[in-house]
$ cat work-v3.tsv   # TSV, C-alpha atoms and all ligand atoms
chain	number	residue	atom	x	y	z
H	1452	MET	CA	0.00	0.00	0.00
H	1453	ASP	CA	1.38	3.42	-0.90
H	1454	GLU	CA	1.15	6.23	1.52
H	1455	THR	CA	1.72	9.93	1.36
H	1456	SER	CA	4.04	11.49	3.89
H	1457	THR	CA	2.96	14.83	5.27
H	1458	GLU	CA	5.25	17.86	5.05
H	1459	SER	CA	6.52	17.27	8.57
H	1460	GLY	CA	7.52	13.78	7.55
H	1461	ALA	CA	4.84	12.18	9.70
H	1462	ARG	CA	3.26	9.05	8.31
H	1463	ARG	CA	-0.21	7.71	8.69
H	1464	PRO	CA	-0.28	5.28	11.59
H	1465	ARG	CA	-1.27	1.65	11.16
H	1466	LEU	CA	-2.72	-0.86	13.59
H	1467	ILE	CA	-3.73	-4.50	13.74
H	1468	LEU	CA	-4.69	-6.53	16.80
H	1469	HIS	CA	-5.81	-10.09	17.36
H	1470	GLY	CA	-7.75	-12.08	19.92
H	1471	GLY	CA	-6.63	-15.60	19.02
H	1472	ALA	CA	-6.96	-18.23	16.32
H	1473	GLY	CA	-8.69	-21.57	16.34
H	1474	SER	CA	-11.17	-23.93	14.91
H	1475	ARG	CA	-14.59	-22.43	15.40
H	1476	LEU	CA	-16.69	-19.57	16.62
H	1477	GLU	CA	-20.20	-20.85	16.24
H	1478	ASP	CA	-22.43	-18.81	18.46
H	1479	GLY	CA	-23.65	-15.65	16.69
H	1480	ASP	CA	-24.01	-13.52	19.83
H	1481	ARG	CA	-20.63	-14.49	21.13
H	1482	ARG	CA	-19.09	-13.83	17.75
H	1483	ARG	CA	-20.57	-10.34	17.69
H	1484	ALA	CA	-19.42	-9.66	21.26
H	1485	VAL	CA	-15.82	-10.56	20.36
H	1486	GLN	CA	-15.98	-8.59	17.14
H	1487	ASN	CA	-17.37	-5.53	18.96
H	1488	SER	CA	-14.74	-5.77	21.63
H	1489	LEU	CA	-11.85	-6.03	19.16
H	1490	CYS	CA	-13.22	-3.20	17.01
H	1491	GLU	CA	-13.86	-0.92	19.99
H	1492	ILE	CA	-10.30	-1.39	21.24
H	1493	ARG	CA	-8.93	-0.93	17.71
H	1494	ASP	CA	-10.73	2.41	17.33
H	1495	ALA	CA	-9.57	3.70	20.72
H	1496	LEU	CA	-5.96	2.71	20.00
H	1497	PHE	CA	-6.00	4.17	16.52
H	1498	GLU	CA	-7.17	7.48	17.91
H	1499	GLN	CA	-4.20	7.47	20.29
H	1500	LEU	CA	-1.87	6.81	17.35
H	1501	THR	CA	-3.34	9.66	15.33
H	1502	GLU	CA	-2.89	11.95	18.34
H	1503	GLY	CA	0.82	11.15	18.21
H	1504	ALA	CA	1.21	8.39	20.80
H	1505	PRO	CA	4.29	6.19	20.18
H	1506	ALA	CA	3.76	2.67	18.89
H	1507	ASP	CA	5.13	0.93	22.00
H	1508	GLU	CA	2.79	2.83	24.34
H	1509	VAL	CA	-0.21	2.06	22.16
H	1510	VAL	CA	0.73	-1.62	21.97
H	1511	VAL	CA	1.02	-1.85	25.77
H	1512	GLU	CA	-2.29	-0.02	26.21
H	1513	GLY	CA	-3.96	-2.33	23.67
H	1514	CYS	CA	-2.63	-5.43	25.41
H	1515	ARG	CA	-3.77	-4.04	28.78
H	1516	ARG	CA	-7.30	-3.57	27.49
H	1517	LEU	CA	-7.39	-7.01	25.93
H	1518	GLU	CA	-5.95	-8.56	29.12
H	1519	ASN	CA	-8.84	-6.97	31.03
H	1520	ASP	CA	-11.43	-8.40	28.66
H	1521	THR	CA	-12.55	-11.88	29.72
H	1522	HIS	CA	-13.48	-12.72	26.13
H	1523	PHE	CA	-9.78	-13.39	25.65
H	1524	ASN	CA	-7.26	-15.83	27.05
H	1525	ALA	CA	-4.84	-13.30	28.53
H	1526	GLY	CA	-4.73	-11.56	31.89
H	1527	THR	CA	-8.14	-11.85	33.57
H	1528	GLY	CA	-9.86	-14.87	32.05
H	1529	SER	CA	-6.69	-16.80	31.27
H	1530	VAL	CA	-6.89	-20.57	30.95
H	1531	LEU	CA	-5.57	-22.86	33.69
H	1532	GLN	CA	-2.66	-25.29	33.46
H	1533	SER	CA	-3.18	-28.95	34.36
H	1534	ASP	CA	-2.62	-28.33	38.08
H	1535	GLY	CA	-5.32	-25.64	38.12
H	1536	ALA	CA	-2.88	-22.72	38.29
H	1537	ILE	CA	-2.76	-19.81	35.86
H	1538	ARG	CA	0.66	-19.13	34.32
H	1539	MET	CA	0.64	-16.21	31.90
H	1540	SER	CA	3.28	-15.01	29.48
H	1541	ALA	CA	3.65	-11.69	27.68
H	1542	SER	CA	6.26	-9.88	25.64
H	1543	LEU	CA	6.94	-6.58	23.99
H	1544	MET	CA	9.35	-5.86	21.19
H	1545	ASP	CA	10.21	-2.35	20.14
H	1546	GLY	CA	11.31	-2.26	16.50
H	1547	ARG	CA	13.43	0.90	16.88
H	1548	ASP	CA	15.84	-0.64	19.40
H	1549	GLU	CA	15.06	-4.20	18.34
H	1550	ALA	CA	14.72	-4.92	22.05
H	1551	PHE	CA	12.70	-7.91	23.23
H	1552	SER	CA	11.43	-8.17	26.82
H	1553	GLY	CA	8.99	-10.52	28.46
H	1554	VAL	CA	7.65	-12.45	31.40
H	1555	ILE	CA	7.06	-16.19	31.47
H	1556	ASN	CA	4.66	-18.06	33.75
H	1557	ALA	CA	3.49	-15.09	35.77
H	1558	SER	CA	0.68	-16.13	38.09
H	1559	ARG	CA	-0.71	-13.43	40.26
H	1560	LEU	CA	-0.92	-10.11	38.49
H	1561	GLN	CA	-3.41	-8.23	36.38
H	1562	HIS	CA	-1.21	-7.07	33.52
H	1563	PRO	CA	1.73	-9.23	32.44
H	1564	ILE	CA	2.32	-6.83	29.52
H	1565	GLU	CA	3.15	-4.02	31.96
H	1566	LEU	CA	5.97	-6.03	33.49
H	1567	ALA	CA	7.20	-7.00	30.02
H	1568	SER	CA	7.21	-3.30	29.14
H	1569	HIS	CA	9.03	-2.36	32.33
H	1570	LEU	CA	11.77	-4.85	31.46
H	1571	GLN	CA	12.55	-3.01	28.20
H	1572	ASP	CA	15.04	-0.82	30.07
H	1573	ARG	CA	16.70	-3.60	32.06
H	1574	VAL	CA	19.80	-5.63	31.39
H	1575	ASP	CA	17.91	-8.84	32.17
H	1576	ARG	CA	14.91	-8.53	29.89
H	1577	VAL	CA	13.10	-11.88	30.14
H	1578	LEU	CA	12.07	-13.14	33.58
H	1579	ALA	CA	10.25	-16.33	34.57
H	1580	ASP	CA	8.45	-17.73	37.62
H	1581	GLU	CA	10.05	-16.48	40.85
H	1582	GLY	CA	11.91	-13.83	38.84
H	1583	VAL	CA	8.50	-12.36	38.03
H	1584	ASP	CA	7.38	-12.56	41.68
H	1585	GLU	CA	10.56	-10.83	42.74
H	1586	LEU	CA	10.08	-8.03	40.21
H	1587	MET	CA	6.50	-7.59	41.38
H	1588	ARG	CA	7.71	-7.15	44.94
H	1589	GLU	CA	10.38	-4.72	43.81
H	1590	LEU	CA	7.88	-2.61	41.85
H	1591	ASP	CA	5.09	-2.98	44.41
H	1592	VAL	CA	2.77	-4.52	41.85
H	1593	PRO	CA	-0.38	-5.63	43.69
H	1594	VAL	CA	-1.13	-9.34	43.86
H	1595	TYR	CA	-4.16	-10.15	41.71
H	1596	ASP	CA	-6.02	-13.38	40.93
H	1597	PRO	CA	-6.87	-13.50	37.18
H	1598	THR	CA	-9.08	-16.59	37.55
H	1599	VAL	CA	-12.66	-16.34	36.31
H	1600	ARG	CA	-15.35	-18.86	37.21
H	1601	LYS	CA	-15.93	-20.09	33.67
H	1602	ARG	CA	-12.28	-20.94	33.19
H	1603	PHE	CA	-12.27	-22.81	36.48
H	1604	GLU	CA	-15.38	-24.78	35.46
H	1605	GLU	CA	-13.77	-25.55	32.11
H	1606	TRP	CA	-10.72	-26.89	33.95
H	1607	LEU	CA	-12.96	-29.04	36.19
H	1608	ARG	CA	-14.60	-30.55	33.09
H	1609	GLN	CA	-11.22	-31.21	31.53
H	1610	ARG	CA	-9.89	-32.81	34.70
H	1611	ARG	CA	-12.89	-35.14	34.72
H	1612	ASP	CA	-12.14	-36.06	31.08
H	1613	GLY	CA	-8.43	-36.62	31.76
H	1614	PHE	CA	-7.25	-33.42	29.98
H	1615	ASP	CA	-7.86	-34.96	26.57
H	1616	SER	CA	-7.98	-31.60	24.69
H	1617	ASP	CA	-4.99	-30.39	22.70
H	1618	MET	CA	-5.88	-26.89	23.64
H	1619	ALA	CA	-8.35	-25.08	25.88
H	1620	ASP	CA	-11.60	-23.99	24.34
H	1621	VAL	CA	-10.00	-20.71	23.48
H	1622	ILE	CA	-12.06	-19.91	20.46
H	1623	GLY	CA	-15.61	-21.02	20.87
H	1624	GLY	CA	-17.65	-24.15	21.40
H	1625	GLY	CA	-19.26	-24.58	24.76
H	1626	PHE	CA	-17.40	-21.91	26.65
H	1627	GLU	CA	-19.18	-18.61	26.87
H	1628	ASP	CA	-16.22	-16.27	27.02
H	1629	GLY	CA	-13.63	-18.55	25.54
H	1630	HIS	CA	-11.28	-16.88	23.11
H	1631	GLY	CA	-7.61	-16.72	22.52
H	1632	THR	CA	-4.31	-15.15	23.14
H	1633	ILE	CA	-4.08	-11.48	22.30
H	1634	GLY	CA	-1.61	-9.40	20.31
H	1635	VAL	CA	-1.21	-5.85	19.02
H	1636	VAL	CA	1.09	-4.51	16.29
H	1637	ALA	CA	1.31	-0.77	15.61
H	1638	ARG	CA	3.28	1.61	13.45
H	1639	ASP	CA	3.20	5.17	14.68
H	1640	ALA	CA	3.40	8.51	12.89
H	1641	GLU	CA	7.20	8.47	13.19
H	1642	GLY	CA	7.35	5.09	11.49
H	1643	ALA	CA	8.32	3.13	14.61
H	1644	ILE	CA	6.90	-0.40	14.79
H	1645	SER	CA	6.11	-2.26	18.00
H	1646	ALA	CA	4.57	-5.68	18.73
H	1647	GLY	CA	3.10	-7.10	21.94
H	1648	THR	CA	1.55	-10.47	22.74
H	1649	SER	CA	-0.01	-11.82	25.95
H	1650	THR	CA	-1.46	-15.24	26.76
H	1651	GLY	CA	-2.71	-17.63	29.40
H	1652	GLY	CA	-1.17	-20.40	27.29
H	1653	ARG	CA	-2.69	-23.39	25.53
H	1654	GLY	CA	-4.63	-24.54	28.57
H	1655	PHE	CA	-4.36	-27.73	30.70
H	1656	GLU	CA	-0.66	-27.99	29.89
H	1657	HIS	CA	2.06	-29.69	31.83
H	1658	ILE	CA	2.94	-27.61	34.87
H	1659	GLY	CA	5.38	-24.93	33.82
H	1660	ARG	CA	5.02	-25.40	30.06
H	1661	VAL	CA	6.33	-22.25	28.36
H	1662	SER	CA	4.32	-20.43	25.71
H	1663	ASP	CA	5.67	-19.01	22.46
H	1664	SER	CA	4.15	-15.63	23.35
H	1665	ALA	CA	7.20	-14.55	25.31
H	1666	MET	CA	9.65	-15.77	22.67
H	1667	PRO	CA	10.72	-14.09	19.41
H	1668	ALA	CA	8.96	-16.99	17.68
H	1669	GLY	CA	5.62	-15.64	18.87
H	1670	ASN	CA	6.28	-11.90	18.98
H	1671	TYR	CA	8.90	-9.96	17.05
H	1672	ALA	CA	9.53	-6.44	15.78
H	1673	CYS	CA	12.38	-4.74	13.97
H	1674	ARG	CA	12.64	-1.59	11.86
H	1675	ASP	CA	11.15	-3.45	8.89
H	1676	ALA	CA	8.17	-5.30	10.38
H	1677	GLY	CA	6.28	-6.27	13.54
H	1678	ILE	CA	4.56	-9.62	13.97
H	1679	SER	CA	2.36	-11.21	16.67
H	1680	CYS	CA	1.30	-14.88	16.56
H	1681	THR	CA	-1.39	-17.05	18.11
H	1682	GLY	CA	-2.27	-20.74	18.00
H	1683	ILE	CA	-0.45	-23.87	19.10
H	1684	GLY	CA	2.72	-22.50	20.66
H	1685	GLU	CA	4.83	-25.54	19.86
H	1686	ASP	CA	3.96	-25.14	16.15
H	1687	ILE	CA	4.82	-21.44	16.31
H	1688	VAL	CA	8.17	-22.22	17.95
H	1689	ASP	CA	8.95	-24.97	15.43
H	1690	GLU	CA	8.46	-22.47	12.58
H	1691	CYS	CA	10.03	-19.61	14.57
H	1692	LEU	CA	7.16	-17.83	12.90
H	1693	ALA	CA	7.27	-14.16	13.94
H	1694	ALA	CA	11.04	-13.80	13.52
H	1695	ARG	CA	10.95	-15.80	10.28
H	1696	ILE	CA	8.38	-13.50	8.69
H	1697	ALA	CA	10.19	-10.35	9.89
H	1698	VAL	CA	13.57	-11.56	8.63
H	1699	ARG	CA	12.05	-12.32	5.24
H	1700	VAL	CA	10.85	-8.70	5.08
H	1701	THR	CA	14.30	-7.43	6.11
H	1702	ASP	CA	15.81	-9.59	3.38
H	1703	GLY	CA	13.65	-7.93	0.73
H	1704	ASP	CA	10.32	-9.74	0.56
H	1705	SER	CA	7.19	-7.65	0.78
H	1706	ILE	CA	5.24	-8.44	3.92
H	1707	HIS	CA	2.64	-10.19	1.80
H	1708	GLU	CA	5.27	-12.38	0.15
H	1709	ALA	CA	6.74	-13.13	3.57
H	1710	PHE	CA	3.34	-14.17	4.94
H	1711	GLU	CA	2.56	-16.18	1.82
H	1712	THR	CA	5.81	-18.18	1.88
H	1713	SER	CA	5.68	-18.71	5.63
H	1714	PHE	CA	2.07	-19.88	5.59
H	1715	GLN	CA	2.71	-22.17	2.62
H	1716	GLU	CA	5.47	-23.81	4.67
H	1717	ALA	CA	3.14	-23.93	7.66
H	1718	GLU	CA	0.47	-25.76	5.64
H	1719	GLU	CA	3.08	-28.23	4.39
H	1720	HIS	CA	4.20	-28.84	7.98
H	1721	ASP	CA	0.61	-29.18	9.19
H	1722	ARG	CA	0.88	-26.34	11.69
H	1723	SER	CA	-2.00	-24.73	13.52
H	1724	PHE	CA	-1.69	-20.98	14.07
H	1725	GLY	CA	-2.30	-17.45	12.81
H	1726	ALA	CA	-0.29	-14.24	12.70
H	1727	ILE	CA	-0.71	-10.51	12.12
H	1728	GLY	CA	1.86	-7.97	10.94
H	1729	ILE	CA	2.73	-4.49	9.69
H	1730	ASP	CA	5.78	-3.45	7.69
H	1731	ALA	CA	7.71	-0.17	7.59
H	1732	ASP	CA	5.73	1.02	4.55
H	1733	GLY	CA	2.53	0.54	6.50
H	1734	ARG	CA	1.30	-2.57	4.74
H	1735	ILE	CA	-0.87	-4.74	6.95
H	1736	ALA	CA	-0.97	-8.52	6.65
H	1737	TRP	CA	-2.46	-11.51	8.37
H	1738	GLY	CA	-2.46	-15.22	7.76
H	1739	LYS	CA	-3.75	-18.42	9.30
H	1740	THR	CA	-3.80	-22.16	8.91
H	1741	THR	CA	-6.67	-22.37	11.42
H	1742	GLU	CA	-10.30	-21.88	10.48
H	1743	ILE	CA	-10.53	-18.50	12.08
H	1744	LEU	CA	-8.32	-15.69	13.25
H	1745	LEU	CA	-9.93	-13.00	15.34
H	1746	ALA	CA	-8.29	-9.79	14.17
H	1747	ALA	CA	-9.18	-6.16	13.47
H	1748	TRP	CA	-7.12	-3.49	11.69
H	1749	HIS	CA	-6.97	0.16	10.71
H	1750	ASP	CA	-4.85	1.09	7.70
H	1751	GLY	CA	-5.17	4.85	8.06
H	1752	GLU	CA	-8.06	5.08	5.64
H	1753	SER	CA	-10.24	2.07	6.15
H	1754	ARG	CA	-10.80	-0.37	8.96
H	1755	GLY	CA	-12.12	-3.86	9.16
H	1756	ASP	CA	-11.86	-7.24	10.82
H	1757	THR	CA	-11.19	-10.81	9.75
H	1758	LEU	CA	-14.10	-12.50	11.47
H	1759	ASP	CA	-16.32	-12.82	8.42
H	1760	LEU	CA	-13.57	-13.56	5.93
H	1761	PRO	CA	-13.00	-17.00	4.40
H	1762	ARG	CA	-10.28	-19.39	5.43
H	1763	GLU	CA	-7.96	-18.70	2.53
H	1764	GLY	CA	-5.31	-16.18	2.10
H	1765	MET	CA	-3.35	-13.30	3.34
H	1766	ILE	CA	-4.78	-9.94	2.69
H	1767	ASP	CA	-4.15	-6.33	3.48
H	1768	GLY	CA	-6.54	-3.74	4.77
H	1769	ARG	CA	-7.07	-2.06	1.41
H	1770	ARG	CA	-7.95	-5.19	-0.51
H	1771	VAL	CA	-10.69	-6.31	1.92
A	1801	LIG	N1	0.19	-19.45	21.48
A	1801	LIG	C1	-0.40	-19.68	22.77
A	1801	LIG	C2	0.36	-20.79	23.45
A	1801	LIG	O1	0.56	-21.83	22.86
A	1801	LIG	C3	-1.85	-20.00	22.75
A	1801	LIG	C4	-2.72	-19.16	21.84
A	1801	LIG	O2	-2.22	-18.45	21.00
A	1801	LIG	O3	-3.96	-19.22	21.96
A	1801	LIG	O4	0.70	-20.65	24.57
$ encode --input "work-v3.tsv" --output "C-alpha cells"
Amino acid sequence: MDETSTESGARRPRLILHGGAGSRLEDGDRRRAVQNSLCEIRDALFEQLTEGAPADEVVVEGCRRLENDTHFNAGTGSVLQSDGAIRMSASLMDGRDEAFSGVINASRLQHPIELASHLQDRVDRVLADEGVDELMRELDVPVYDPTVRKRFEEWLRQRRDGFDSDMADVIGGGFEDGHGTIGVVARDAEGAISAGTSTGGRGFEHIGRVSDSAMPAGNYACRDAGISCTGIGEDIVDECLAARIAVRVTDGDSIHEAFETSFQEAEEHDRSFGAIGIDADGRIAWGKTTEILLAAWHDGESRGDTLDLPREGMIDGRRV
C-alpha cells in the first residue's frame, strides 16, 4: 500500500490486533461480542496513534485492554494449566531498538504486559516464575487473581475427562467467554513499529510449560516489520514464525510475500496458528492455517476485521 508522507515527515499510523486463532466460533451472539470488543479497542488505540502516541505505548495499552477483557485468554480470564494454576506469558518488542522483553509463567498479576514493558530498560529482559514474583515485589505490583469462574469450570470438566484436549476452548464451542491469546502490532506517525503479545497459554498444559508468546517466535519487531502470533505455541516455535516473517521482510520480501511463503510452509508442515503484521511502509498482513483468526485493523483510511472472511489467504486492509 502506498502512503503519502505529510510535510513534517509524519506518516499515517497503522494498527492490527488479534484475539486468538482456532477452529470455530459458532455462536452468533458471542461472535458479535468478540468482534465488537476487538473493534472498539482498535478504534480507541488508533485514535491514540493519530494523536501522536508512540507505537510501544499504544501496543502496551492495547494489550492491557485485551488482558482486562474476559473474552480473551490473557490476563483476567486466562486458561488454567493442568494443576489448576494460571501461568501467563507476555512480551513486547520495540522495533526501533530491536529490544525484546517478556515475562514467562506469571501467576498473580493483572497485567503481564506491563511487566514486560518495564523490562525493556533492564539488562535482564526476560524473567520467569520467581523472577517475576521478585520483580512484582520490587515494583510494588499488587497481587491479583486472574481466575474467572468459567475458566475454572472448564478446567474441572477437563480434569474429569483426563485433559484430553490439545488446547483449551480458546475460540468457541461450549465456553461462553472462551477466546484466545491477544496481540497488538502498531506503526506510529514516526514510522516506529512495535509488537506485543499476551497469553494464558494453551490450557491444561504440563505444569510450567512455556508459551511461544514470550519468545521471538511468537512476537517480534524490527525496523522493517512487527509480527504477533497465536495458535499452538509448539507449532509457532517450530516455525520460529514471527522472527521468520520479519527476517524475510528485512531480506527484501514484501510483507505479503513473507506471509505467503511462511504460511505455505506452515500448511506443508501441518501447523496450527495465525499471525498478524505491519511493515515499515505501513502494509498490513495476516495469515492463518486455522479456520478463524480473530483480528481487526486500521490502515489509516479504512478499517475492518477478519471474522467474516473466508479461510484462505493473506490480505491487506485495502484489498478487503
Ligand atoms: N500461542 C499460545 C500458546 O501456545 C496459545 C494461543 O495463542 O492461543 O501458549
$ closest_residue --input "work-v3.tsv" --among "H:Thr1681, H:Ser1542, H:Ser1645, H:Thr1757" --to "Phe1523 (chain H)" --atoms "only C-alpha atoms"
H:Thr1681
$ closest_residue --input "work-v3.tsv" --among "H:Arg1602, H:Arg1483, H:Arg1465, H:Arg1653" --to "Asp1732 (chain H)" --atoms "only C-alpha atoms"
H:Arg1465
$ closest_atom_pairs --input "work-v3.tsv" --of "chain H" --to "ligand LIG 1801 (chain A)" --cutoff "6 Å" --atoms "only C-alpha atoms and all ligand atoms" --output "tab-separated table"
residue	atom	partner	partner_atom	distance
H:Gly1471	CA	A:LIG1801	O3	5.4
H:Gly1631	CA	A:LIG1801	O3	4.5
H:Thr1632	CA	A:LIG1801	O3	4.3
H:Gly1652	CA	A:LIG1801	O4	3.3
H:Arg1653	CA	A:LIG1801	O4	4.5
H:Ser1662	CA	A:LIG1801	O4	3.8
H:Asp1663	CA	A:LIG1801	N1	5.6
H:Ser1664	CA	A:LIG1801	N1	5.8
H:Thr1681	CA	A:LIG1801	O2	3.3
H:Gly1682	CA	A:LIG1801	O2	3.8
H:Ile1683	CA	A:LIG1801	O1	4.4
H:Gly1684	CA	A:LIG1801	O1	3.2
$ closest_residue --input "work-v3.tsv" --among "H:Glu1581, H:Asp1756, H:Asp1686, H:Glu1565" --to "Asp1494 (chain H)" --atoms "only C-alpha atoms"
H:Asp1756
$ closest_residue --input "work-v3.tsv" --among "H:Pro1563, H:Gly1755, H:Gly1613, H:Gly1738" --to "Thr1648 (chain H)" --atoms "all atoms listed in the file"
H:Pro1563
$ closest_residue --input "work-v3.tsv" --among "H:Asp1675, H:Asp1596, H:Asp1612, H:Glu1512" --to "Ile1706 (chain H)" --atoms "all atoms listed in the file"
H:Asp1675
$ residues_around --input "work-v3.tsv" --residues "region 1583-1585 of chain H" --least-positions-apart "2" --cutoff "10 Å" --atoms "all atoms listed in the file" --output "PyMOL selection string"
chain H and resi 1553-1560+1563+1566-1567+1577-1581+1587-1592+1594
$ write_last_selection --input "work-v3.tsv" --atoms "C-alpha atoms" --output "JSON list (two decimals), in the coordinates of the input"
[["chain", "number", "residue", "atom", "x", "y", "z"],
["H", 1553, "GLY", "CA", 8.99, -10.52, 28.46],
["H", 1554, "VAL", "CA", 7.65, -12.45, 31.40],
["H", 1555, "ILE", "CA", 7.06, -16.19, 31.47],
["H", 1556, "ASN", "CA", 4.66, -18.06, 33.75],
["H", 1557, "ALA", "CA", 3.49, -15.09, 35.77],
["H", 1558, "SER", "CA", 0.68, -16.13, 38.09],
["H", 1559, "ARG", "CA", -0.71, -13.43, 40.26],
["H", 1560, "LEU", "CA", -0.92, -10.11, 38.49],
["H", 1563, "PRO", "CA", 1.73, -9.23, 32.44],
["H", 1566, "LEU", "CA", 5.97, -6.03, 33.49],
["H", 1567, "ALA", "CA", 7.20, -7.00, 30.02],
["H", 1577, "VAL", "CA", 13.10, -11.88, 30.14],
["H", 1578, "LEU", "CA", 12.07, -13.14, 33.58],
["H", 1579, "ALA", "CA", 10.25, -16.33, 34.57],
["H", 1580, "ASP", "CA", 8.45, -17.73, 37.62],
["H", 1581, "GLU", "CA", 10.05, -16.48, 40.85],
["H", 1587, "MET", "CA", 6.50, -7.59, 41.38],
["H", 1588, "ARG", "CA", 7.71, -7.15, 44.94],
["H", 1589, "GLU", "CA", 10.38, -4.72, 43.81],
["H", 1590, "LEU", "CA", 7.88, -2.61, 41.85],
["H", 1591, "ASP", "CA", 5.09, -2.98, 44.41],
["H", 1592, "VAL", "CA", 2.77, -4.52, 41.85],
["H", 1594, "VAL", "CA", -1.13, -9.34, 43.86]]
$ closest_residue --input "work-v3.tsv" --among "H:Met1666, H:Ile1644, H:Ile1492, H:Ile1687" --to "Arg1734 (chain H)" --atoms "only C-alpha atoms"
H:Ile1644
$ residues_around --input "work-v3.tsv" --residues "Gly1728 (chain H)" --least-positions-apart "6" --cutoff "7 Å" --atoms "only C-alpha atoms" --output "JSON, numbers by chain"
{"H": [1636, 1676, 1677, 1678, 1679, 1735, 1736, 1737]}
$ atom_distance --input "work-v3.tsv" --atom1 "CA of Leu1500 (chain H)" --atom2 "CA of Arg1463 (chain H)"
8.9 Å
$ residues_around --input "work-v3.tsv" --residues "Ala1646 (chain H)" --least-positions-apart "6" --cutoff "8 Å" --atoms "all atoms listed in the file" --output "PyMOL selection string"
chain H and resi 1507+1510+1543-1546+1634-1637+1670-1672+1677-1679
$ atom_distance --input "work-v3.tsv" --atom1 "CA of Glu1719 (chain H)" --atom2 "CA of His1707 (chain H)"
18.2 Å
$ residues_around --input "work-v3.tsv" --residues "Thr1527 (chain H)" --least-positions-apart "5" --cutoff "8 Å" --atoms "all atoms listed in the file" --output "JSON, numbers by chain"
{"H": [1518, 1519, 1520, 1521, 1561, 1596, 1597, 1598, 1599]}
